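Below is final.csv, holding CSV, C-alpha atoms.
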```
chain,number,residue,atom,x,y,z
J,158,MET,CA,8.2,0.4,31.0
J,159,GLN,CA,7.1,4.0,30.3
J,160,LYS,CA,5.4,6.3,32.8
J,161,ARG,CA,3.8,9.6,31.8
J,162,THR,CA,5.4,12.7,33.1
J,163,GLU,CA,5.9,16.4,32.5
J,164,THR,CA,7.7,17.3,29.3
J,165,LYS,CA,10.3,19.2,31.1
J,166,GLU,CA,11.2,16.2,33.3
J,167,ALA,CA,11.4,13.9,30.2
J,168,LEU,CA,13.7,16.4,28.5
J,169,GLY,CA,16.0,16.1,31.5
J,170,ARG,CA,16.9,12.7,30.0
J,171,LYS,CA,18.4,14.3,26.8
J,172,TYR,CA,22.0,14.7,28.0
J,173,PRO,CA,24.7,14.6,26.8
J,174,GLU,CA,23.7,17.2,24.2
J,175,SER,CA,26.1,18.7,21.7
J,176,VAL,CA,26.8,22.5,21.9
J,177,VAL,CA,28.2,24.8,19.3
J,178,LEU,CA,29.6,28.4,19.4
J,179,VAL,CA,28.1,30.8,16.9
J,180,THR,CA,30.3,33.8,16.0
J,181,THR,CA,29.1,37.0,14.3
J,182,ARG,CA,30.7,40.4,13.5
J,183,ALA,CA,28.9,43.7,13.8
J,184,PRO,CA,29.1,46.2,10.9
J,185,ASP,CA,31.5,48.3,13.1
J,186,GLY,CA,33.9,45.3,13.2
J,187,ARG,CA,33.3,44.0,16.7
J,188,PRO,CA,33.0,40.2,16.9
J,189,ASN,CA,30.5,38.4,19.2
J,190,VAL,CA,30.1,34.8,20.2
J,191,MET,CA,27.3,32.8,21.8
J,192,ALA,CA,26.7,29.2,22.8
J,193,VAL,CA,23.8,27.3,21.2
J,194,GLY,CA,22.6,23.9,22.3
J,195,TRP,CA,19.7,23.6,19.9
J,196,VAL,CA,21.5,22.7,16.7
J,197,SER,CA,21.2,20.1,13.9
J,198,LEU,CA,22.2,19.6,10.4
J,199,ALA,CA,19.3,20.6,8.0
J,200,SER,CA,20.5,19.7,4.5
J,201,GLU,CA,23.3,17.7,3.0
J,202,THR,CA,23.8,19.3,-0.5
J,203,PRO,CA,24.2,22.1,0.1
J,204,ALA,CA,25.2,21.5,3.8
J,205,MET,CA,23.1,23.6,6.2
J,206,PHE,CA,22.6,23.9,9.9
J,207,VAL,CA,19.5,24.8,11.8
J,208,LEU,CA,20.0,26.7,15.1
J,209,GLY,CA,17.6,27.8,17.8
J,210,ILE,CA,18.7,31.4,18.6
J,211,ASP,CA,16.6,33.5,21.0
J,212,ASP,CA,15.4,36.6,19.3
J,213,SER,CA,16.6,38.8,22.2
J,214,ALA,CA,20.2,37.7,21.6
J,215,ARG,CA,22.6,40.1,20.1
J,216,THR,CA,23.7,37.2,17.9
J,217,TYR,CA,20.2,37.1,16.4
J,218,ALA,CA,20.2,40.8,15.6
J,219,LEU,CA,23.6,40.5,14.0
J,220,ILE,CA,22.7,37.5,11.9
J,221,ARG,CA,19.6,39.4,10.7
J,222,LYS,CA,21.7,42.4,9.8
J,223,THR,CA,24.8,40.8,8.3
J,224,ARG,CA,23.2,37.5,7.0
J,225,GLU,CA,26.4,35.8,8.0
J,226,PHE,CA,27.8,33.7,10.9
J,227,VAL,CA,30.2,30.9,11.8
J,228,VAL,CA,29.2,27.7,13.5
J,229,ALA,CA,32.1,26.3,15.5
J,230,PHE,CA,32.3,23.0,17.4
J,231,PRO,CA,34.1,23.9,20.6
J,232,SER,CA,36.6,21.4,21.8
J,233,GLU,CA,36.3,19.8,25.2
J,234,ARG,CA,39.2,22.1,26.3
J,235,MET,CA,36.9,25.1,25.7
J,236,ALA,CA,34.3,24.4,28.4
J,237,LYS,CA,35.1,27.5,30.4
J,238,GLU,CA,34.9,29.8,27.4
J,239,THR,CA,31.7,28.1,26.2
J,240,LEU,CA,30.1,28.5,29.6
J,241,PHE,CA,30.9,32.2,29.6
J,242,ALA,CA,29.7,32.7,26.1
J,243,GLY,CA,26.4,30.9,27.0
J,244,THR,CA,25.7,32.8,30.1
J,245,HIS,CA,26.6,36.4,29.2
J,246,SER,CA,25.1,38.8,26.6
J,247,GLY,CA,27.1,40.4,23.8
J,248,ARG,CA,25.0,43.5,24.5
J,249,ASP,CA,26.9,44.3,27.7
J,250,THR,CA,30.1,42.2,27.3
J,251,ASN,CA,32.9,41.9,24.8
J,252,LYS,CA,33.0,38.1,25.1
J,253,PHE,CA,36.2,37.7,23.0
J,254,ALA,CA,38.1,40.1,25.3
J,255,ALA,CA,36.6,38.5,28.4
J,256,THR,CA,37.3,34.9,27.5
J,257,GLY,CA,40.5,35.3,25.5
J,258,LEU,CA,39.0,33.1,22.8
J,259,ALA,CA,41.5,33.0,19.8
J,260,MET,CA,40.0,33.9,16.5
J,261,SER,CA,41.2,33.9,12.9
J,262,ALA,CA,39.8,35.1,9.6
J,263,GLY,CA,37.4,33.1,7.5
J,264,ALA,CA,37.5,32.7,3.7
J,265,LYS,CA,34.0,33.8,2.8
J,266,VAL,CA,32.3,35.7,5.7
J,267,ARG,CA,33.4,38.4,8.1
J,268,ALA,CA,32.4,36.5,11.3
J,269,PRO,CA,35.6,35.0,12.8
J,270,LEU,CA,36.7,31.4,13.0
J,271,LEU,CA,37.6,30.1,16.5
J,272,SER,CA,41.2,29.0,16.2
J,273,ASP,CA,41.0,26.3,18.9
J,274,ALA,CA,37.7,24.7,17.8
J,275,VAL,CA,37.4,21.2,16.4
J,276,ALA,CA,35.8,22.6,13.2
J,277,ASN,CA,34.4,25.9,11.9
J,278,PHE,CA,31.6,26.3,9.3
J,279,GLU,CA,31.2,29.7,7.6
J,280,CYS,CA,27.5,30.2,7.0
J,281,ARG,CA,25.2,32.5,5.0
J,282,LEU,CA,21.7,33.0,6.3
J,283,ALA,CA,19.3,30.8,4.3
J,284,ALA,CA,16.0,31.1,6.2
J,285,VAL,CA,14.4,32.0,9.5
J,286,THR,CA,11.2,30.5,10.8
J,287,LYS,CA,9.5,30.7,14.2
J,288,PRO,CA,7.3,27.7,14.8
J,289,GLY,CA,7.3,28.1,18.6
J,290,ASP,CA,8.9,30.5,21.0
J,291,CYS,CA,12.3,30.5,19.4
J,292,PRO,CA,13.5,31.6,15.9
J,293,LEU,CA,15.0,28.7,13.9
J,294,VAL,CA,18.0,30.1,11.9
J,295,VAL,CA,19.1,28.1,8.9
J,296,GLY,CA,22.6,28.7,7.6
J,297,LYS,CA,24.1,27.4,4.4
J,298,VAL,CA,27.7,26.4,4.8
J,299,VAL,CA,29.9,28.3,2.3
J,300,ALA,CA,33.4,27.2,3.7
J,301,ALA,CA,34.6,24.7,6.3
J,302,HIS,CA,37.8,24.4,8.4
J,303,VAL,CA,39.1,21.8,10.8
J,304,HIS,CA,41.7,21.9,13.5
J,305,ALA,CA,45.0,20.4,12.5
J,306,ALA,CA,45.0,18.2,15.6
J,307,ARG,CA,42.7,15.4,14.6
J,308,SER,CA,42.4,14.0,18.1
J,309,LEU,CA,40.6,17.1,19.4
J,310,LYS,CA,37.1,16.2,20.6
J,311,ARG,CA,33.8,18.1,20.7
J,312,LEU,CA,32.3,19.6,23.9
J,313,TYR,CA,28.9,18.5,25.2
J,314,THR,CA,26.4,19.7,27.8
J,315,LEU,CA,26.5,16.8,30.2
J,316,GLY,CA,23.5,17.8,32.3
J,317,LYS,CA,21.4,20.5,33.8
J,318,GLY,CA,23.1,23.6,35.2
J,319,TYR,CA,25.4,24.0,32.2
J,320,ARG,CA,27.7,21.1,33.1
J,321,LEU,CA,30.0,21.0,30.1
J,322,GLY,CA,32.6,18.4,29.2
J,323,GLY,CA,33.8,15.8,26.8
J,324,VAL,CA,32.4,12.3,26.3
J,325,ARG,CA,33.9,8.9,25.4
J,326,PRO,CA,32.2,5.8,24.0
J,327,ALA,CA,30.9,3.6,26.8
J,328,VAL,CA,32.9,0.4,27.1
J,329,LYS,CA,31.0,-2.8,27.6
J,330,PRO,CA,31.9,-4.6,30.8
J,331,ALA,CA,34.5,-7.4,30.3
J,332,GLY,CA,32.7,-10.6,29.4
J,333,GLY,CA,30.7,-9.0,26.7
J,334,LYS,CA,27.0,-9.1,27.4
J,335,ARG,CA,25.7,-6.1,29.3
J,336,ARG,CA,23.4,-6.9,32.2
J,337,ARG,CA,19.8,-5.6,32.2
H,10,MET,CA,45.1,26.2,14.2
H,11,GLN,CA,42.5,25.9,11.4
H,12,LYS,CA,43.0,24.6,7.9
H,13,ARG,CA,40.4,24.9,5.2
H,14,THR,CA,38.8,21.6,4.0
H,15,GLU,CA,35.8,20.1,2.3
H,16,THR,CA,32.6,20.6,4.3
H,17,LYS,CA,32.0,16.8,4.3
H,18,GLU,CA,35.4,16.2,5.9
H,19,ALA,CA,34.8,18.8,8.5
H,20,LEU,CA,31.4,17.3,9.3
H,21,GLY,CA,33.2,14.1,10.0
H,22,ARG,CA,34.2,15.7,13.3
H,23,LYS,CA,30.7,16.0,14.5
H,24,TYR,CA,30.5,12.7,16.4
H,25,PRO,CA,29.1,11.6,18.8
H,26,GLU,CA,25.7,12.7,17.5
H,27,SER,CA,22.5,12.0,19.2
H,28,VAL,CA,19.9,9.8,17.5
H,29,VAL,CA,16.2,9.4,17.9
H,30,LEU,CA,13.6,7.0,16.8
H,31,VAL,CA,10.4,8.4,15.2
H,32,THR,CA,7.3,6.3,15.3
H,33,THR,CA,4.2,6.7,13.2
H,34,ARG,CA,1.0,4.7,12.6
H,35,ALA,CA,-0.7,4.3,9.2
H,36,PRO,CA,-4.4,4.9,9.0
H,37,ASP,CA,-4.8,1.1,8.6
H,38,GLY,CA,-3.2,0.6,12.0
H,39,ARG,CA,0.3,-0.5,11.0
H,40,PRO,CA,3.1,1.1,12.9
H,41,ASN,CA,6.4,2.2,11.5
H,42,VAL,CA,9.7,3.5,13.0
H,43,MET,CA,12.8,5.2,11.6
H,44,ALA,CA,16.0,6.5,13.0
H,45,VAL,CA,16.8,10.3,12.7
H,46,GLY,CA,20.1,11.8,13.5
H,47,TRP,CA,19.2,15.4,12.5
H,48,VAL,CA,17.2,16.5,15.5
H,49,SER,CA,17.1,19.4,17.9
H,50,LEU,CA,14.7,21.1,20.3
H,51,ALA,CA,13.0,24.0,18.5
H,52,SER,CA,10.9,25.6,21.2
H,53,GLU,CA,10.6,25.5,25.0
H,54,THR,CA,7.0,26.6,25.6
H,55,PRO,CA,5.4,24.8,24.0
H,56,ALA,CA,8.1,22.2,23.7
H,57,MET,CA,8.9,21.3,20.1
H,58,PHE,CA,11.4,19.2,18.2
H,59,VAL,CA,12.7,19.9,14.7
H,60,LEU,CA,13.7,16.8,12.7
H,61,GLY,CA,15.3,16.3,9.3
H,62,ILE,CA,13.2,13.6,7.6
H,63,ASP,CA,13.9,12.7,4.0
H,64,ASP,CA,10.8,13.2,1.8
H,65,SER,CA,11.2,9.8,0.3
H,66,ALA,CA,10.7,8.1,3.7
H,67,ARG,CA,7.5,6.3,4.6
H,68,THR,CA,7.7,8.2,7.9
H,69,TYR,CA,7.5,11.5,6.1
H,70,ALA,CA,4.4,10.4,4.1
H,71,LEU,CA,2.7,9.1,7.3
H,72,ILE,CA,3.5,12.3,9.2
H,73,ARG,CA,2.0,14.4,6.4
H,74,LYS,CA,-1.1,12.2,6.4
H,75,THR,CA,-1.7,11.7,10.1
H,76,ARG,CA,0.0,14.9,11.4
H,77,GLU,CA,1.2,12.8,14.4
H,78,PHE,CA,4.3,11.0,15.5
H,79,VAL,CA,6.4,10.0,18.5
H,80,VAL,CA,10.0,11.0,19.1
H,81,ALA,CA,11.8,8.4,21.3
H,82,PHE,CA,15.3,8.5,22.7
H,83,PRO,CA,16.6,5.0,22.2
H,84,SER,CA,18.6,3.6,25.0
H,85,GLU,CA,22.1,2.4,24.5
H,86,ARG,CA,20.7,-1.1,24.7
H,87,MET,CA,18.8,-0.4,21.5
H,88,ALA,CA,21.7,-0.1,19.1
H,89,LYS,CA,20.8,-3.1,17.0
H,90,GLU,CA,17.1,-2.1,16.6
H,91,THR,CA,18.1,1.5,15.9
H,92,LEU,CA,20.6,0.5,13.2
H,93,PHE,CA,17.9,-1.7,11.6
H,94,ALA,CA,15.3,1.1,11.7
H,95,GLY,CA,17.9,3.5,10.2
H,96,THR,CA,18.9,1.2,7.3
H,97,HIS,CA,15.6,-0.3,6.1
H,98,SER,CA,12.5,1.3,4.6
H,99,GLY,CA,9.0,0.9,6.1
H,100,ARG,CA,7.8,0.7,2.5
H,101,ASP,CA,9.1,-2.9,2.2
H,102,THR,CA,9.6,-4.0,5.8
H,103,ASN,CA,7.5,-4.2,9.0
H,104,LYS,CA,10.3,-2.9,11.2
H,105,PHE,CA,8.5,-3.6,14.4
H,106,ALA,CA,8.1,-7.3,13.5
H,107,ALA,CA,11.6,-7.5,12.2
H,108,THR,CA,13.3,-5.9,15.3
H,109,GLY,CA,10.9,-7.1,18.0
H,110,LEU,CA,10.8,-3.5,19.3
H,111,ALA,CA,8.3,-3.4,22.2
H,112,MET,CA,5.6,-0.7,21.9
H,113,SER,CA,2.9,0.6,24.1
H,114,ALA,CA,0.0,3.0,23.6
H,115,GLY,CA,0.4,6.8,23.9
H,116,ALA,CA,-2.0,9.2,25.6
H,117,LYS,CA,-2.7,11.6,22.8
H,118,VAL,CA,-1.6,10.2,19.5
H,119,ARG,CA,-2.0,6.9,17.7
H,120,ALA,CA,1.7,6.5,17.0
H,121,PRO,CA,3.2,4.0,19.5
H,122,LEU,CA,5.6,4.7,22.3
H,123,LEU,CA,8.7,2.5,22.5
H,124,SER,CA,8.5,0.7,25.8
H,125,ASP,CA,12.3,0.3,26.3
H,126,ALA,CA,13.3,3.9,25.3
H,127,VAL,CA,14.8,6.4,27.7
H,128,ALA,CA,11.9,8.8,27.0
H,129,ASN,CA,9.0,9.2,24.5
H,130,PHE,CA,7.5,12.5,23.3
H,131,GLU,CA,4.1,12.4,21.6
H,132,CYS,CA,4.0,15.1,18.9
H,133,ARG,CA,1.5,16.8,16.7
H,134,LEU,CA,2.8,18.3,13.4
H,135,ALA,CA,3.3,22.0,13.8
H,136,ALA,CA,5.2,23.0,10.6
H,137,VAL,CA,7.2,21.7,7.6
H,138,THR,CA,9.8,23.7,5.8
H,139,LYS,CA,12.5,22.7,3.2
H,140,PRO,CA,15.3,25.2,3.3
H,141,GLY,CA,17.7,22.8,1.6
H,142,ASP,CA,17.5,19.2,0.3
H,143,CYS,CA,15.6,17.8,3.3
H,144,PRO,CA,12.2,18.6,4.9
H,145,LEU,CA,12.4,20.0,8.4
H,146,VAL,CA,9.5,18.6,10.4
H,147,VAL,CA,8.5,20.5,13.5
H,148,GLY,CA,6.5,18.6,16.1
H,149,LYS,CA,4.8,20.1,19.2
H,150,VAL,CA,5.0,17.8,22.2
H,151,VAL,CA,1.6,17.0,23.5
H,152,ALA,CA,2.6,14.3,26.1
H,153,ALA,CA,5.8,12.9,27.5
H,154,HIS,CA,6.8,9.6,29.1
H,155,VAL,CA,10.0,8.4,30.7
H,156,HIS,CA,11.4,4.9,31.4
H,157,ALA,CA,11.0,3.9,35.0
H,158,ALA,CA,14.7,3.0,35.1
H,159,ARG,CA,16.4,6.4,35.6
H,160,SER,CA,19.8,5.0,35.0
H,161,LEU,CA,19.0,4.2,31.4
H,162,LYS,CA,21.1,6.2,28.9
H,163,ARG,CA,20.6,7.5,25.4
H,164,LEU,CA,22.1,6.1,22.3
H,165,TYR,CA,24.5,8.0,20.0
H,166,THR,CA,26.0,7.7,16.6
H,167,LEU,CA,29.7,7.4,17.5
H,168,GLY,CA,31.2,7.7,14.0
H,169,LYS,CA,30.7,7.2,10.3
H,170,GLY,CA,29.3,3.9,9.1
H,171,TYR,CA,26.4,3.9,11.6
H,172,ARG,CA,28.6,3.0,14.6
H,173,LEU,CA,26.0,3.3,17.5
H,174,GLY,CA,26.7,3.1,21.2
H,175,GLY,CA,26.5,4.9,24.5
H,176,VAL,CA,28.8,7.6,25.9
H,177,ARG,CA,30.2,8.5,29.2
H,178,PRO,CA,31.6,11.8,30.5
H,179,ALA,CA,35.3,12.0,29.8
H,180,VAL,CA,37.3,11.7,33.0
H,181,LYS,CA,40.2,14.0,33.4
H,182,PRO,CA,43.5,12.3,34.0
H,183,ALA,CA,44.5,12.1,37.7
H,184,GLY,CA,46.4,15.2,38.7
H,185,GLY,CA,43.8,17.5,37.3
H,186,LYS,CA,45.1,19.5,34.4
H,187,ARG,CA,44.7,18.0,31.0
H,188,ARG,CA,47.8,18.0,28.8
H,189,ARG,CA,47.8,19.8,25.5
```
What do you get writing this file as structure tokens?
Amino acid sequence: MQKRTETKEALGRKYPESVVLVTTRAPDGRPNVMAVGWVSLASETPAMFVLGIDDSARTYALIRKTREFVVAFPSERMAKETLFAGTHSGRDTNKFAATGLAMSAGAKVRAPLLSDAVANFECRLAAVTKPGDCPLVVGKVVAAHVHAARSLKRLYTLGKGYRLGGVRPAVKPAGGKRRR
Amino acid sequence: MQKRTETKEALGRKYPESVVLVTTRAPDGRPNVMAVGWVSLASETPAMFVLGIDDSARTYALIRKTREFVVAFPSERMAKETLFAGTHSGRDTNKFAATGLAMSAGAKVRAPLLSDAVANFECRLAAVTKPGDCPLVVGKVVAAHVHAARSLKRLYTLGKGYRLGGVRPAVKPAGGKRRR
């Protein structure tokens, strides 16, 4: 049974929502990182991601300038660093220094990989559109990397107020059929 | 520690991934529904979704024609219906008849709401782009609805091969600190 409500309230039912970290590197060499919750695949061949990145973000300016970035899946052990990256601006803060996030060099782009992430995707800028109040940045994957530990799991936003954590498949109650 | 790999292999680490059902209604009145795993918010004010919808899908043709659709968050009880919707084409199958999915009337668009979904978002087509091999359909939310049962949870794709199910926050082992 559906009842009509405000869009914002209905969107409160979206969690858990996946979160990624996006790294960039300024022409002067300084790296930056931000957290992005609006993300989806956008193409299979070639693989592409679409990301909602606020146009006031330093990450947005760096992507427009360098046309490169890395999309990383933070692991559930990176909740603290992801929260920091998502709530501070690279304009005033060196977020790598502040969080201690470990980085390593990519194969194709200058933006850094996150060493402890589940996976990293090096991207070249393919398109930017702005259908609403947020630019949609599309990146074409030009190289991919995974963490050697296959058991590492992605991080999610679990609810409002930047609650971050891992998730596990829901187990049906013993006896099989789930009650309504 | 990162090791370089094929993009496809690295994308295998993306799960769980949220899934939505997209409903449409043909000019002759017949409703259709498909499952979409490539979905993200695209704007806050107004609220918009961006969806990757294959251009061979009947849903894509109906969205282009009617410029309306509904994005529904299936509940974890709707795994069977979502799997069916995601693996059959509306060109040959009446997916509502085949699945028994319950529908109800929206407030602003002719595409149906899914009565048992966690939430429904009535959308009007705002933009279509095609940066890679898949159209990105952007819909502006014009009305929203939620299920009366607040405890109802969203459905996710848990892994390759269309494994669908619910998720729960991971609980840290007793004692607090998680082992590496």
With distances taken over all atoms listed in the file, the candidate from H:Val127, H:Ala120, H:Ala107, H:Val80 nearest chain J is H:Val127
Do a neighbour search on J:Ala229 at 8 Å with all atoms listed in the file, toss out local chain neighbours closer than 6 positions, and write the hits as a PyMOL selection string. chain J and resi 177-180+270-271+274-278
Any idea what's packed within 12 Å of H:Val150, counting only C-alpha atoms, ignoring anything in its chain fewer than 2 positions away? Could you give it as a JSON list (two decimals) with C-alpha atoms, in the coordinates of the input?
```
[["chain", "number", "residue", "atom", "x", "y", "z"],
["J", 163, "GLU", "CA", 5.90, 16.40, 32.50],
["J", 164, "THR", "CA", 7.70, 17.30, 29.30],
["J", 165, "LYS", "CA", 10.30, 19.20, 31.10],
["J", 167, "ALA", "CA", 11.40, 13.90, 30.20],
["J", 168, "LEU", "CA", 13.70, 16.40, 28.50],
["J", 289, "GLY", "CA", 7.30, 28.10, 18.60],
["H", 50, "LEU", "CA", 14.70, 21.10, 20.30],
["H", 51, "ALA", "CA", 13.00, 24.00, 18.50],
["H", 52, "SER", "CA", 10.90, 25.60, 21.20],
["H", 53, "GLU", "CA", 10.60, 25.50, 25.00],
["H", 54, "THR", "CA", 7.00, 26.60, 25.60],
["H", 55, "PRO", "CA", 5.40, 24.80, 24.00],
["H", 56, "ALA", "CA", 8.10, 22.20, 23.70],
["H", 57, "MET", "CA", 8.90, 21.30, 20.10],
["H", 58, "PHE", "CA", 11.40, 19.20, 18.20],
["H", 59, "VAL", "CA", 12.70, 19.90, 14.70],
["H", 77, "GLU", "CA", 1.20, 12.80, 14.40],
["H", 78, "PHE", "CA", 4.30, 11.00, 15.50],
["H", 79, "VAL", "CA", 6.40, 10.00, 18.50],
["H", 80, "VAL", "CA", 10.00, 11.00, 19.10],
["H", 81, "ALA", "CA", 11.80, 8.40, 21.30],
["H", 116, "ALA", "CA", -2.00, 9.20, 25.60],
["H", 117, "LYS", "CA", -2.70, 11.60, 22.80],
["H", 118, "VAL", "CA", -1.60, 10.20, 19.50],
["H", 129, "ASN", "CA", 9.00, 9.20, 24.50],
["H", 130, "PHE", "CA", 7.50, 12.50, 23.30],
["H", 131, "GLU", "CA", 4.10, 12.40, 21.60],
["H", 132, "CYS", "CA", 4.00, 15.10, 18.90],
["H", 133, "ARG", "CA", 1.50, 16.80, 16.70],
["H", 134, "LEU", "CA", 2.80, 18.30, 13.40],
["H", 135, "ALA", "CA", 3.30, 22.00, 13.80],
["H", 147, "VAL", "CA", 8.50, 20.50, 13.50],
["H", 148, "GLY", "CA", 6.50, 18.60, 16.10],
["H", 152, "ALA", "CA", 2.60, 14.30, 26.10],
["H", 153, "ALA", "CA", 5.80, 12.90, 27.50],
["H", 154, "HIS", "CA", 6.80, 9.60, 29.10]]
```
Work out how far apart atom CA of H:Asp101 and atom CA of H:Asp64 are and give it in Å to one decimal. 16.2 Å
Taking (38.5, 30.5, 16.2) as a centre in this file's frame and 6 Å as the limit, can you find every polymer residue with an atom that close, using only C-alpha atoms, and give them as a list in words?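 Counting only C-alpha atoms, I find these residues within 6 Å of (38.5, 30.5, 16.2): Ala259, Met260, Ser261, Leu270, Leu271, Ser272 and Asp273 of chain J.
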Those residues with C-alpha atoms, as a compact mmCIF listing (two decimals), keeping the file's coordinate frame please?
```txt
# COMPACT_ATOMS: atom_id res chain seq x y z
CA ALA J 259 41.50 33.00 19.80
CA MET J 260 40.00 33.90 16.50
CA SER J 261 41.20 33.90 12.90
CA LEU J 270 36.70 31.40 13.00
CA LEU J 271 37.60 30.10 16.50
CA SER J 272 41.20 29.00 16.20
CA ASP J 273 41.00 26.30 18.90
```
Which one is closest to chain J: H:Ala88, H:Ile72, H:Leu60, H:Ala66? Count only C-alpha atoms. H:Leu60
Can you tell me which residues surround J:Ala305 at a distance of at most 7 Å, considering only C-alpha atoms, apart from same-chain residues fewer than 6 positions away, and format the answer as a VMD selection string? chain H and resid 10 to 12
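Of note, atom CA of J:Gly263 and atom CA of J:Val193 are spaced 20.2 Å apart.
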Just give me the gap between atom CA of J:Arg248 and atom CA of J:Glu233 in Å, one decimal is fine.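 A separation of 26.3 Å between them.
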Compare J:Lys252, J:Arg234, J:Thr216, J:Pro269 by their minimum atom-to-atom distance to chain H, counting only C-alpha atoms, and give me the closest one.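 Under the stated criterion, the closest residue is J:Arg234.
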Among the residues H:Gly61, H:Pro25, H:Gly46, H:Pro40, the one that comes closest to H:Gly174 [using all atoms listed in the file]: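 Closest to H:Gly174, using all atoms listed in the file: H:Pro25.
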Check the smallest atom-to-atom distance from each of H:Ala70, H:Leu145, H:Glu18, H:Met87 to H:Tyr165 using all atoms listed in the file, then report the winner. H:Met87
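Comparing the minimum interatomic distances between J:Arg224 and each of J:Val294, J:Ile210, J:Ala262, J:Val176, counting only C-alpha atoms, we find that J:Val294 sits nearest.
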Which residues, written as a ChimeraX atom specification, have at least one atom at most 12 Å from H:Ser65, with only C-alpha atoms counted and residues fewer than 4 positions away on the same chain left out? /H:61,69-71,73,98-100,142-144
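Around H:Gly170, within 12 Å and counting all atoms listed in the file, the residues found are H:Gly21, H:Tyr24, H:Leu92, H:Gly95, H:Thr96, H:Thr166, H:Leu167, H:Leu173, once anything fewer than 3 positions away on its own chain is removed.
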Hey, could you patch up stretch 23-38 of chain H with N, CA and C atoms and hand it over as a tab-separated table (two decimals), in the coordinates of the input?
```
chain	number	residue	atom	x	y	z
H	23	LYS	N	31.85	15.69	13.72
H	23	LYS	CA	30.70	16.00	14.50
H	23	LYS	C	30.34	14.97	15.60
H	24	TYR	N	30.89	13.78	15.50
H	24	TYR	CA	30.50	12.70	16.40
H	24	TYR	C	31.06	12.80	17.78
H	25	PRO	N	30.42	12.22	18.82
H	25	PRO	CA	29.10	11.60	18.80
H	25	PRO	C	27.96	12.51	18.53
H	26	GLU	N	26.95	11.98	17.85
H	26	GLU	CA	25.70	12.70	17.50
H	26	GLU	C	24.54	11.96	18.04
H	27	SER	N	23.62	12.67	18.68
H	27	SER	CA	22.50	12.00	19.20
H	27	SER	C	21.58	11.43	18.13
H	28	VAL	N	20.83	10.40	18.44
H	28	VAL	CA	19.90	9.80	17.50
H	28	VAL	C	18.59	9.55	18.14
H	29	VAL	N	17.51	9.74	17.41
H	29	VAL	CA	16.20	9.40	17.90
H	29	VAL	C	15.50	8.44	17.03
H	30	LEU	N	14.49	7.78	17.57
H	30	LEU	CA	13.60	7.00	16.80
H	30	LEU	C	12.28	7.70	16.64
H	31	VAL	N	11.73	7.72	15.44
H	31	VAL	CA	10.40	8.40	15.20
H	31	VAL	C	9.43	7.33	14.82
H	32	THR	N	8.35	7.23	15.61
H	32	THR	CA	7.30	6.30	15.30
H	32	THR	C	6.11	6.97	14.66
H	33	THR	N	5.42	6.24	13.81
H	33	THR	CA	4.20	6.70	13.20
H	33	THR	C	3.23	5.53	13.10
H	34	ARG	N	1.96	5.80	12.77
H	34	ARG	CA	1.00	4.70	12.60
H	34	ARG	C	0.16	5.05	11.35
H	35	ALA	N	0.12	4.13	10.41
H	35	ALA	CA	-0.70	4.30	9.20
H	35	ALA	C	-2.15	4.32	9.54
H	36	PRO	N	-2.98	4.94	8.72
H	36	PRO	CA	-4.40	4.90	9.00
H	36	PRO	C	-4.96	3.47	9.09
H	37	ASP	N	-4.32	2.49	8.44
H	37	ASP	CA	-4.80	1.10	8.60
H	37	ASP	C	-4.28	0.43	9.85
H	38	GLY	N	-3.56	1.18	10.69
H	38	GLY	CA	-3.20	0.60	12.00
H	38	GLY	C	-1.72	0.18	12.08
```
